[in-house]
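Q: So here's final30.pdb (PDB, C-alpha atoms).
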MODEL        1
ATOM      1  CA  MET A   1     116.302 128.015-136.617  1.00  0.00           C
ATOM      2  CA  ARG A   2     119.579 129.604-137.583  1.00  0.00           C
ATOM      3  CA  PRO A   3     119.477 133.321-138.471  1.00  0.00           C
ATOM      4  CA  ALA A   4     120.540 132.645-142.081  1.00  0.00           C
ATOM      5  CA  THR A   5     117.726 130.122-142.478  1.00  0.00           C
ATOM      6  CA  GLY A   6     115.166 132.536-141.042  1.00  0.00           C
ATOM      7  CA  LEU A   7     116.432 135.315-143.306  1.00  0.00           C
ATOM      8  CA  ALA A   8     116.269 132.985-146.305  1.00  0.00           C
ATOM      9  CA  TRP A   9     112.635 132.071-145.555  1.00  0.00           C
ATOM     10  CA  LEU A  10     111.683 135.722-145.045  1.00  0.00           C
ATOM     11  CA  ALA A  11     113.394 136.747-148.283  1.00  0.00           C
ATOM     12  CA  THR A  12     111.633 133.915-150.123  1.00  0.00           C
ATOM     13  CA  LEU A  13     108.251 134.984-148.774  1.00  0.00           C
ATOM     14  CA  LEU A  14     108.873 138.601-149.751  1.00  0.00           C
ATOM     15  CA  TYR A  15     110.399 137.839-153.171  1.00  0.00           C
ATOM     16  CA  PRO A  16     107.144 138.154-155.191  1.00  0.00           C
ATOM     17  CA  LEU A  17     106.303 141.449-153.485  1.00  0.00           C
ATOM     18  CA  ALA A  18     109.818 142.760-154.122  1.00  0.00           C
ATOM     19  CA  VAL A  19     109.636 141.807-157.813  1.00  0.00           C
ATOM     20  CA  TRP A  20     106.169 143.309-158.217  1.00  0.00           C
ATOM     21  CA  LEU A  21     107.196 146.597-156.612  1.00  0.00           C
ATOM     22  CA  GLY A  22     110.678 146.554-158.126  1.00  0.00           C
ATOM     23  CA  LEU A  23     109.646 146.044-161.748  1.00  0.00           C
ATOM     24  CA  SER A  24     107.896 149.420-161.744  1.00  0.00           C
ATOM     25  CA  ARG A  25     110.911 151.193-160.235  1.00  0.00           C
ATOM     26  CA  PHE A  26     114.084 149.463-161.433  1.00  0.00           C
ATOM     27  CA  GLU A  27     115.444 147.787-164.516  1.00  0.00           C
ATOM     28  CA  PRO A  28     114.926 144.011-164.342  1.00  0.00           C
ATOM     29  CA  ARG A  29     118.684 143.372-164.617  1.00  0.00           C
ATOM     30  CA  TRP A  30     119.185 145.058-161.223  1.00  0.00           C
ATOM     31  CA  LEU A  31     116.408 143.008-159.650  1.00  0.00           C
ATOM     32  CA  ALA A  32     118.068 139.911-161.087  1.00  0.00           C
ATOM     33  CA  LEU A  33     120.994 140.459-158.772  1.00  0.00           C
ATOM     34  CA  GLY A  34     118.522 140.263-155.867  1.00  0.00           C
ATOM     35  CA  LEU A  35     117.263 136.923-157.183  1.00  0.00           C
ATOM     36  CA  LEU A  36     120.807 135.629-157.349  1.00  0.00           C
ATOM     37  CA  ALA A  37     121.429 136.761-153.759  1.00  0.00           C
ATOM     38  CA  LEU A  38     118.177 135.121-152.605  1.00  0.00           C
ATOM     39  CA  ALA A  39     118.899 131.824-154.352  1.00  0.00           C
ATOM     40  CA  LEU A  40     122.433 131.653-152.992  1.00  0.00           C
ATOM     41  CA  LEU A  41     121.241 132.571-149.484  1.00  0.00           C
ATOM     42  CA  ARG A  42     118.659 129.746-149.630  1.00  0.00           C
ATOM     43  CA  ALA A  43     121.255 127.275-150.879  1.00  0.00           C
ATOM     44  CA  PHE A  44     123.889 128.197-148.287  1.00  0.00           C
ATOM     45  CA  ALA A  45     121.359 128.336-145.437  1.00  0.00           C
ATOM     46  CA  ALA A  46     119.678 125.017-146.236  1.00  0.00           C
ATOM     47  CA  ARG A  47     122.731 123.137-147.551  1.00  0.00           C
ATOM     48  CA  GLU A  48     120.408 120.752-149.367  1.00  0.00           C
ATOM     49  CA  ALA A  49     120.690 119.603-152.968  1.00  0.00           C
ATOM     50  CA  VAL A  50     117.221 120.873-153.889  1.00  0.00           C
ATOM     51  CA  TRP A  51     118.169 124.457-153.033  1.00  0.00           C
ATOM     52  CA  TRP A  52     121.458 124.177-154.926  1.00  0.00           C
ATOM     53  CA  ALA A  53     119.434 122.978-157.932  1.00  0.00           C
ATOM     54  CA  ALA A  54     117.063 125.921-157.495  1.00  0.00           C
ATOM     55  CA  ALA A  55     120.079 128.245-157.253  1.00  0.00           C
ATOM     56  CA  ALA A  56     121.422 126.840-160.522  1.00  0.00           C
ATOM     57  CA  GLY A  57     118.035 127.430-162.154  1.00  0.00           C
ATOM     58  CA  ALA A  58     117.939 130.921-160.662  1.00  0.00           C
ATOM     59  CA  GLY A  59     121.402 131.532-162.093  1.00  0.00           C
ATOM     60  CA  ALA A  60     120.082 130.769-165.575  1.00  0.00           C
ATOM     61  CA  LEU A  61     117.132 133.114-164.995  1.00  0.00           C
ATOM     62  CA  VAL A  62     119.454 135.838-163.703  1.00  0.00           C
ATOM     63  CA  LEU A  63     121.655 135.492-166.770  1.00  0.00           C
ATOM     64  CA  ALA A  64     118.605 135.724-169.037  1.00  0.00           C
ATOM     65  CA  SER A  65     117.391 138.812-167.216  1.00  0.00           C
ATOM     66  CA  LEU A  66     120.838 140.427-167.291  1.00  0.00           C
ATOM     67  CA  LEU A  67     121.164 139.819-171.039  1.00  0.00           C
ATOM     68  CA  THR A  68     117.630 140.829-172.012  1.00  0.00           C
ATOM     69  CA  ASN A  69     116.789 143.302-169.239  1.00  0.00           C
ATOM     70  CA  HIS A  70     113.352 141.661-169.166  1.00  0.00           C
ATOM     71  CA  GLY A  71     111.262 140.894-166.075  1.00  0.00           C
ATOM     72  CA  LEU A  72     109.870 137.537-167.207  1.00  0.00           C
ATOM     73  CA  PRO A  73     112.884 135.492-166.035  1.00  0.00           C
ATOM     74  CA  LEU A  74     112.451 136.979-162.558  1.00  0.00           C
ATOM     75  CA  LYS A  75     108.841 135.831-162.483  1.00  0.00           C
ATOM     76  CA  LEU A  76     109.835 132.282-163.444  1.00  0.00           C
ATOM     77  CA  TYR A  77     111.715 131.608-160.193  1.00  0.00           C
ATOM     78  CA  PRO A  78     108.646 130.064-158.451  1.00  0.00           C
ATOM     79  CA  VAL A  79     108.365 127.701-161.429  1.00  0.00           C
ATOM     80  CA  VAL A  80     112.006 126.667-160.967  1.00  0.00           C
ATOM     81  CA  VAL A  81     111.478 126.063-157.240  1.00  0.00           C
ATOM     82  CA  ASN A  82     108.393 123.906-157.888  1.00  0.00           C
ATOM     83  CA  ALA A  83     110.269 121.951-160.552  1.00  0.00           C
ATOM     84  CA  ALA A  84     113.206 121.338-158.196  1.00  0.00           C
ATOM     85  CA  LEU A  85     110.909 120.193-155.387  1.00  0.00           C
ATOM     86  CA  LEU A  86     108.970 117.978-157.806  1.00  0.00           C
ATOM     87  CA  ALA A  87     112.227 116.376-158.941  1.00  0.00           C
ATOM     88  CA  VAL A  88     113.315 115.645-155.364  1.00  0.00           C
ATOM     89  CA  PHE A  89     109.939 114.257-154.248  1.00  0.00           C
ATOM     90  CA  ALA A  90     109.440 112.206-157.441  1.00  0.00           C
ATOM     91  CA  ALA A  91     112.969 110.806-157.304  1.00  0.00           C
ATOM     92  CA  SER A  92     112.306 109.654-153.745  1.00  0.00           C
ATOM     93  CA  LEU A  93     109.375 107.571-155.021  1.00  0.00           C
ATOM     94  CA  TRP A  94     111.771 105.644-157.267  1.00  0.00           C
ATOM     95  CA  ARG A  95     114.573 105.510-154.707  1.00  0.00           C
ATOM     96  CA  PRO A  96     112.946 105.183-151.289  1.00  0.00           C
ATOM     97  CA  PRO A  97     112.677 106.201-148.598  1.00  0.00           C
ATOM     98  CA  THR A  98     110.415 108.978-149.806  1.00  0.00           C
ATOM     99  CA  VAL A  99     110.838 112.528-148.588  1.00  0.00           C
ATOM    100  CA  ILE A 100     107.689 112.226-146.477  1.00  0.00           C
ATOM    101  CA  GLU A 101     108.811 108.894-145.009  1.00  0.00           C
ATOM    102  CA  ARG A 102     112.100 110.471-143.948  1.00  0.00           C
ATOM    103  CA  LEU A 103     110.207 113.277-142.260  1.00  0.00           C
ATOM    104  CA  ALA A 104     107.808 110.823-140.591  1.00  0.00           C
ATOM    105  CA  ARG A 105     110.691 108.748-139.247  1.00  0.00           C
ATOM    106  CA  LEU A 106     111.981 111.783-137.361  1.00  0.00           C
ATOM    107  CA  GLN A 107     108.976 111.349-135.042  1.00  0.00           C
ATOM    108  CA  HIS A 108     108.345 107.625-135.580  1.00  0.00           C
ATOM    109  CA  PRO A 109     111.646 105.772-136.180  1.00  0.00           C
ATOM    110  CA  ASP A 110     109.850 102.395-136.235  1.00  0.00           C
ATOM    111  CA  LEU A 111     107.336 103.335-138.921  1.00  0.00           C
ATOM    112  CA  PRO A 112     105.238 100.245-139.760  1.00  0.00           C
ATOM    113  CA  PRO A 113     104.784  99.042-143.367  1.00  0.00           C
ATOM    114  CA  GLU A 114     101.327 100.658-143.596  1.00  0.00           C
ATOM    115  CA  GLY A 115     102.936 103.924-142.491  1.00  0.00           C
ATOM    116  CA  VAL A 116     105.510 103.594-145.256  1.00  0.00           C
ATOM    117  CA  ALA A 117     102.708 103.018-147.786  1.00  0.00           C
ATOM    118  CA  TYR A 118     100.819 106.046-146.457  1.00  0.00           C
ATOM    119  CA  THR A 119     103.889 108.290-146.698  1.00  0.00           C
ATOM    120  CA  ALA A 120     104.385 107.187-150.313  1.00  0.00           C
ATOM    121  CA  LYS A 121     100.800 108.282-151.061  1.00  0.00           C
ATOM    122  CA  VAL A 122     101.413 111.630-149.381  1.00  0.00           C
ATOM    123  CA  THR A 123     104.610 112.048-151.407  1.00  0.00           C
ATOM    124  CA  ARG A 124     102.577 111.448-154.599  1.00  0.00           C
ATOM    125  CA  VAL A 125     100.067 114.098-153.469  1.00  0.00           C
ATOM    126  CA  TRP A 126     102.924 116.570-152.991  1.00  0.00           C
ATOM    127  CA  CYS A 127     104.214 115.715-156.472  1.00  0.00           C
ATOM    128  CA  GLY A 128     100.782 116.526-157.861  1.00  0.00           C
ATOM    129  CA  PHE A 129     100.759 119.752-155.880  1.00  0.00           C
ATOM    130  CA  PHE A 130     104.130 120.816-157.296  1.00  0.00           C
ATOM    131  CA  VAL A 131     102.892 120.134-160.839  1.00  0.00           C
ATOM    132  CA  LEU A 132      99.707 122.142-160.251  1.00  0.00           C
ATOM    133  CA  ASN A 133     101.376 124.958-158.324  1.00  0.00           C
ATOM    134  CA  GLY A 134     104.243 125.195-160.796  1.00  0.00           C
ATOM    135  CA  GLY A 135     101.759 125.237-163.685  1.00  0.00           C
ATOM    136  CA  ILE A 136      99.781 128.070-162.115  1.00  0.00           C
ATOM    137  CA  ALA A 137     103.023 129.925-161.342  1.00  0.00           C
ATOM    138  CA  LEU A 138     104.004 129.523-165.004  1.00  0.00           C
ATOM    139  CA  TRP A 139     100.622 130.754-166.209  1.00  0.00           C
ATOM    140  CA  THR A 140     100.769 133.798-163.925  1.00  0.00           C
ATOM    141  CA  ALA A 141     104.289 134.599-165.173  1.00  0.00           C
ATOM    142  CA  LEU A 142     103.363 134.289-168.846  1.00  0.00           C
ATOM    143  CA  ALA A 143      99.760 135.493-169.048  1.00  0.00           C
ATOM    144  CA  ALA A 144      98.679 137.344-165.914  1.00  0.00           C
ATOM    145  CA  SER A 145      99.418 140.851-164.708  1.00  0.00           C
ATOM    146  CA  ASP A 146     102.373 141.456-162.428  1.00  0.00           C
ATOM    147  CA  ALA A 147      99.920 142.088-159.571  1.00  0.00           C
ATOM    148  CA  THR A 148      98.185 138.733-160.158  1.00  0.00           C
ATOM    149  CA  TRP A 149     101.564 137.006-160.349  1.00  0.00           C
ATOM    150  CA  ALA A 150     102.611 138.584-157.039  1.00  0.00           C
ATOM    151  CA  LEU A 151      99.278 137.761-155.361  1.00  0.00           C
ATOM    152  CA  TYR A 152      99.382 134.116-156.388  1.00  0.00           C
ATOM    153  CA  ASN A 153     103.087 133.454-155.825  1.00  0.00           C
ATOM    154  CA  GLY A 154     103.407 135.679-152.770  1.00  0.00           C
ATOM    155  CA  ALA A 155     100.218 134.721-150.930  1.00  0.00           C
ATOM    156  CA  LEU A 156      97.812 132.241-152.502  1.00  0.00           C
ATOM    157  CA  ALA A 157     100.455 129.567-153.149  1.00  0.00           C
ATOM    158  CA  TYR A 158     101.411 129.696-149.456  1.00  0.00           C
ATOM    159  CA  VAL A 159      97.757 129.414-148.442  1.00  0.00           C
ATOM    160  CA  LEU A 160      97.485 126.312-150.649  1.00  0.00           C
ATOM    161  CA  ILE A 161     100.622 124.836-149.088  1.00  0.00           C
ATOM    162  CA  GLY A 162      99.155 125.463-145.641  1.00  0.00           C
ATOM    163  CA  ALA A 163      95.833 123.906-146.659  1.00  0.00           C
ATOM    164  CA  LEU A 164      97.602 120.795-147.949  1.00  0.00           C
ATOM    165  CA  LEU A 165      99.646 120.492-144.748  1.00  0.00           C
ATOM    166  CA  LEU A 166      96.552 120.969-142.590  1.00  0.00           C
ATOM    167  CA  GLY A 167      94.473 118.576-144.687  1.00  0.00           C
ATOM    168  CA  GLU A 168      97.118 115.872-144.428  1.00  0.00           C
ATOM    169  CA  ARG A 169      97.429 116.459-140.683  1.00  0.00           C
ATOM    170  CA  LEU A 170      93.659 116.111-140.243  1.00  0.00           C
ATOM    171  CA  LEU A 171      93.534 112.935-142.375  1.00  0.00           C
ATOM    172  CA  ARG A 172      96.572 111.315-140.757  1.00  0.00           C
ATOM    173  CA  PRO A 173      94.759 109.992-137.659  1.00  0.00           C
ATOM    174  CA  ARG A 174      92.318 108.103-139.905  1.00  0.00           C
ATOM    175  CA  HIS A 175      95.265 106.180-141.272  1.00  0.00           C
ATOM    176  CA  GLY A 176      96.623 105.235-137.869  1.00  0.00           C
ATOM    177  CA  HIS A 177      99.728 107.456-137.943  1.00  0.00           C
TER     178      HIS A 177
ENDMDL
END
Can you present the structure in this file as structure tokens?

A:
Amino acid sequence: MRPATGLAWLATLLYPLAVWLGLSRFEPRWLALGLLALALLRAFAAREAVWWAAAAGAGALVLASLLTNHGLPLKLYPVVVNAALLAVFAASLWRPPTVIERLARLQHPDLPPEGVAYTAKVTRVWCGFFVLNGGIALWTALAASDATWALYNGALAYVLIGALLLGERLLRPRHGH
């Protein structure tokens, strides 16, 4: 992993904690500049369209926070990331190969037709996850306390991602892949 990529992942993991702590100490407009730096770091480090889309969404949130000096736009960034990932995964269902198939072919270049069908199902599951996770992220931003928002988006969402990855890994052998 390149240093910029590692730094981008670390900054992403710490973002909810930084916002939670920062909102009680700084004006939101100053924290917005941190969001812009994070989004651009992710985009430059990954060099993938999804992170450029997330950076564009973050730019709109940063502008809103700069103009209003309100913290809500900062708390909407996880919603933007889930929406961008949902768009990429869903688009791959209509224009195969799916995201999961592409990942599977890194280890299994000759993926059989049943493997392709299985990866499409897994891609649909991830789409559902992004809808659910993004919806919860939205609810925590709009209706929950800052501490609840930070706990969900900075810890529980990652636990759910890990559980989904582990669950798929445990189910995969039953499908012959």

Q: Quick one: everything within 10 Å of Leu103 in chain A, counting only C-alpha atoms, minus sequence neighbours fewer than 6 positions away in the same chain. Send it as a VMD selection string.

A: chain A and resid 97 109 119

Q: With all atoms listed in the file counted and 12 Å as the cut-off, give the residues of range 95-165 of chain A in contact with range 14-36 of chain A, each with its shortest interatomic distance in Å and the pair that gives it, as CSV.

A:
residue,atom,partner,partner_atom,distance
A:Ala137,CA,A:Pro16,CA,11.1
A:Thr140,CA,A:Pro16,CA,11.7
A:Ala141,CA,A:Pro16,CA,11.0
A:Ser145,CA,A:Trp20,CA,9.7
A:Asp146,CA,A:Trp20,CA,6.0
A:Ala147,CA,A:Trp20,CA,6.5
A:Thr148,CA,A:Trp20,CA,9.4
A:Trp149,CA,A:Pro16,CA,7.7
A:Ala150,CA,A:Pro16,CA,4.9
A:Leu151,CA,A:Pro16,CA,7.9
A:Tyr152,CA,A:Pro16,CA,8.8
A:Asn153,CA,A:Pro16,CA,6.2
A:Gly154,CA,A:Pro16,CA,5.1
A:Ala155,CA,A:Pro16,CA,8.8
A:Leu156,CA,A:Pro16,CA,11.4
A:Ala157,CA,A:Pro16,CA,11.1
A:Tyr158,CA,A:Leu14,CA,11.6

Q: On this structure, which residues satisfy the PyMOL selection byres ((chain A and resi 74-79) around 6), written as a PyMOL selection string?

A: chain A and resi 71-73+80-82+134+137-138+141

Q: Given the selection you just returned, output its residues as a file containing C-alpha atoms, formatted as a PDB file, in the frame of the given file.

A:
ATOM      1  CA  GLY A  71     111.262 140.894-166.075  1.00  0.00           C
ATOM      2  CA  LEU A  72     109.870 137.537-167.207  1.00  0.00           C
ATOM      3  CA  PRO A  73     112.884 135.492-166.035  1.00  0.00           C
ATOM      4  CA  VAL A  80     112.006 126.667-160.967  1.00  0.00           C
ATOM      5  CA  VAL A  81     111.478 126.063-157.240  1.00  0.00           C
ATOM      6  CA  ASN A  82     108.393 123.906-157.888  1.00  0.00           C
ATOM      7  CA  GLY A 134     104.243 125.195-160.796  1.00  0.00           C
ATOM      8  CA  ALA A 137     103.023 129.925-161.342  1.00  0.00           C
ATOM      9  CA  LEU A 138     104.004 129.523-165.004  1.00  0.00           C
ATOM     10  CA  ALA A 141     104.289 134.599-165.173  1.00  0.00           C
TER      11      ALA A 141
END

Q: Taking the file above as input, evaluate the PyMOL selection byres ((chain A and resi 121) around 12) and report the hits as a short mmCIF file (atom, residue, chain, number, x, y, z; two decimals) with C-alpha atoms, in the coordinates of the input.

A:
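Below is the file that was written, selection-v3.cif:
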data_model
loop_
_atom_site.label_atom_id
_atom_site.label_comp_id
_atom_site.auth_asym_id
_atom_site.auth_seq_id
_atom_site.Cartn_x
_atom_site.Cartn_y
_atom_site.Cartn_z
CA PHE A 89 109.94 114.26 -154.25
CA ALA A 90 109.44 112.21 -157.44
CA SER A 92 112.31 109.65 -153.74
CA LEU A 93 109.38 107.57 -155.02
CA THR A 98 110.42 108.98 -149.81
CA VAL A 99 110.84 112.53 -148.59
CA ILE A 100 107.69 112.23 -146.48
CA GLU A 101 108.81 108.89 -145.01
CA GLU A 114 101.33 100.66 -143.60
CA GLY A 115 102.94 103.92 -142.49
CA VAL A 116 105.51 103.59 -145.26
CA ALA A 117 102.71 103.02 -147.79
CA TYR A 118 100.82 106.05 -146.46
CA THR A 119 103.89 108.29 -146.70
CA ALA A 120 104.38 107.19 -150.31
CA VAL A 122 101.41 111.63 -149.38
CA THR A 123 104.61 112.05 -151.41
CA ARG A 124 102.58 111.45 -154.60
CA VAL A 125 100.07 114.10 -153.47
CA TRP A 126 102.92 116.57 -152.99
CA CYS A 127 104.21 115.72 -156.47
CA GLY A 128 100.78 116.53 -157.86
CA GLU A 168 97.12 115.87 -144.43
CA ARG A 172 96.57 111.32 -140.76
CA HIS A 175 95.26 106.18 -141.27
#

Q: Select, from A:Val62, A:Gly57, A:Val50, A:His70, the residue with the minimum atom-to-atom distance to Ala87 in chain A, counting only C-alpha atoms.

A: A:Val50

Q: Please provide as a list in words all residues within 8 Å of Ala84 in chain A, with the sequence filter that same-chain residues fewer than 5 positions apart are discarded (counting all atoms listed in the file).

A: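 Here the qualifying residues turn out to be Val50, Trp51, Ala53 and Ala54 of chain A.
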
Q: Rank A:Leu132, A:Ala143, A:Ala45, A:Leu38 by their smallest atom-to-atom distance to Gly59 in chain A, using all atoms listed in the file, and report the top residue only.

A: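 Of A:Leu132, A:Ala143, A:Ala45, A:Leu38, the one nearest Gly59 in chain A is A:Leu38, counting all atoms listed in the file.
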
Q: When you draw a straight line from CA of Ala4 in chain A to CA of Leu160 in chain A, how long is it in Å?

A: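 Rounded to one decimal, the two atoms are 25.4 Å apart.
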
Q: Residue by residue, what does the PyMOL selection byres ((chain A and resi 8) around 12) grab here? Present the result as a list in words.

A: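 Expected selection for the PyMOL selection byres ((chain A and resi 8) around 12) here is Met1, Arg2, Pro3, Ala4, Thr5, Gly6, Leu7, Trp9, Leu10, Ala11, Thr12, Leu13, Leu14, Tyr15, Leu35, Ala37, Leu38, Ala39, Leu40, Leu41, Arg42, Ala43, Phe44, Ala45, Ala46, Arg47 and Trp51 of chain A.
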
Q: Between CA of Pro96 in chain A and CA of Pro113 in chain A, what is the spacing in Å?

A: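 Spanning CA of Pro113 in chain A to CA of Pro96 in chain A is a straight-line distance of 12.9 Å.
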
Q: Quote the spacing between CA of Val159 in chain A and CA of Gly135 in chain A in Å to one decimal place.

A: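 Result for CA of Val159 in chain A versus CA of Gly135 in chain A: 16.3 Å, one decimal.
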
Q: Kindly list the centre and edge lengths in Å, rounded to one decimal, for the axis-aligned box that covers all listed atoms of range 32-37 of chain A plus 6 Å on each of its six sides, as lines of an AutoDock Vina configuration file.

A:
center_x = 119.3
center_y = 138.0
center_z = -157.4
size_x = 16.2
size_y = 16.8
size_z = 19.3
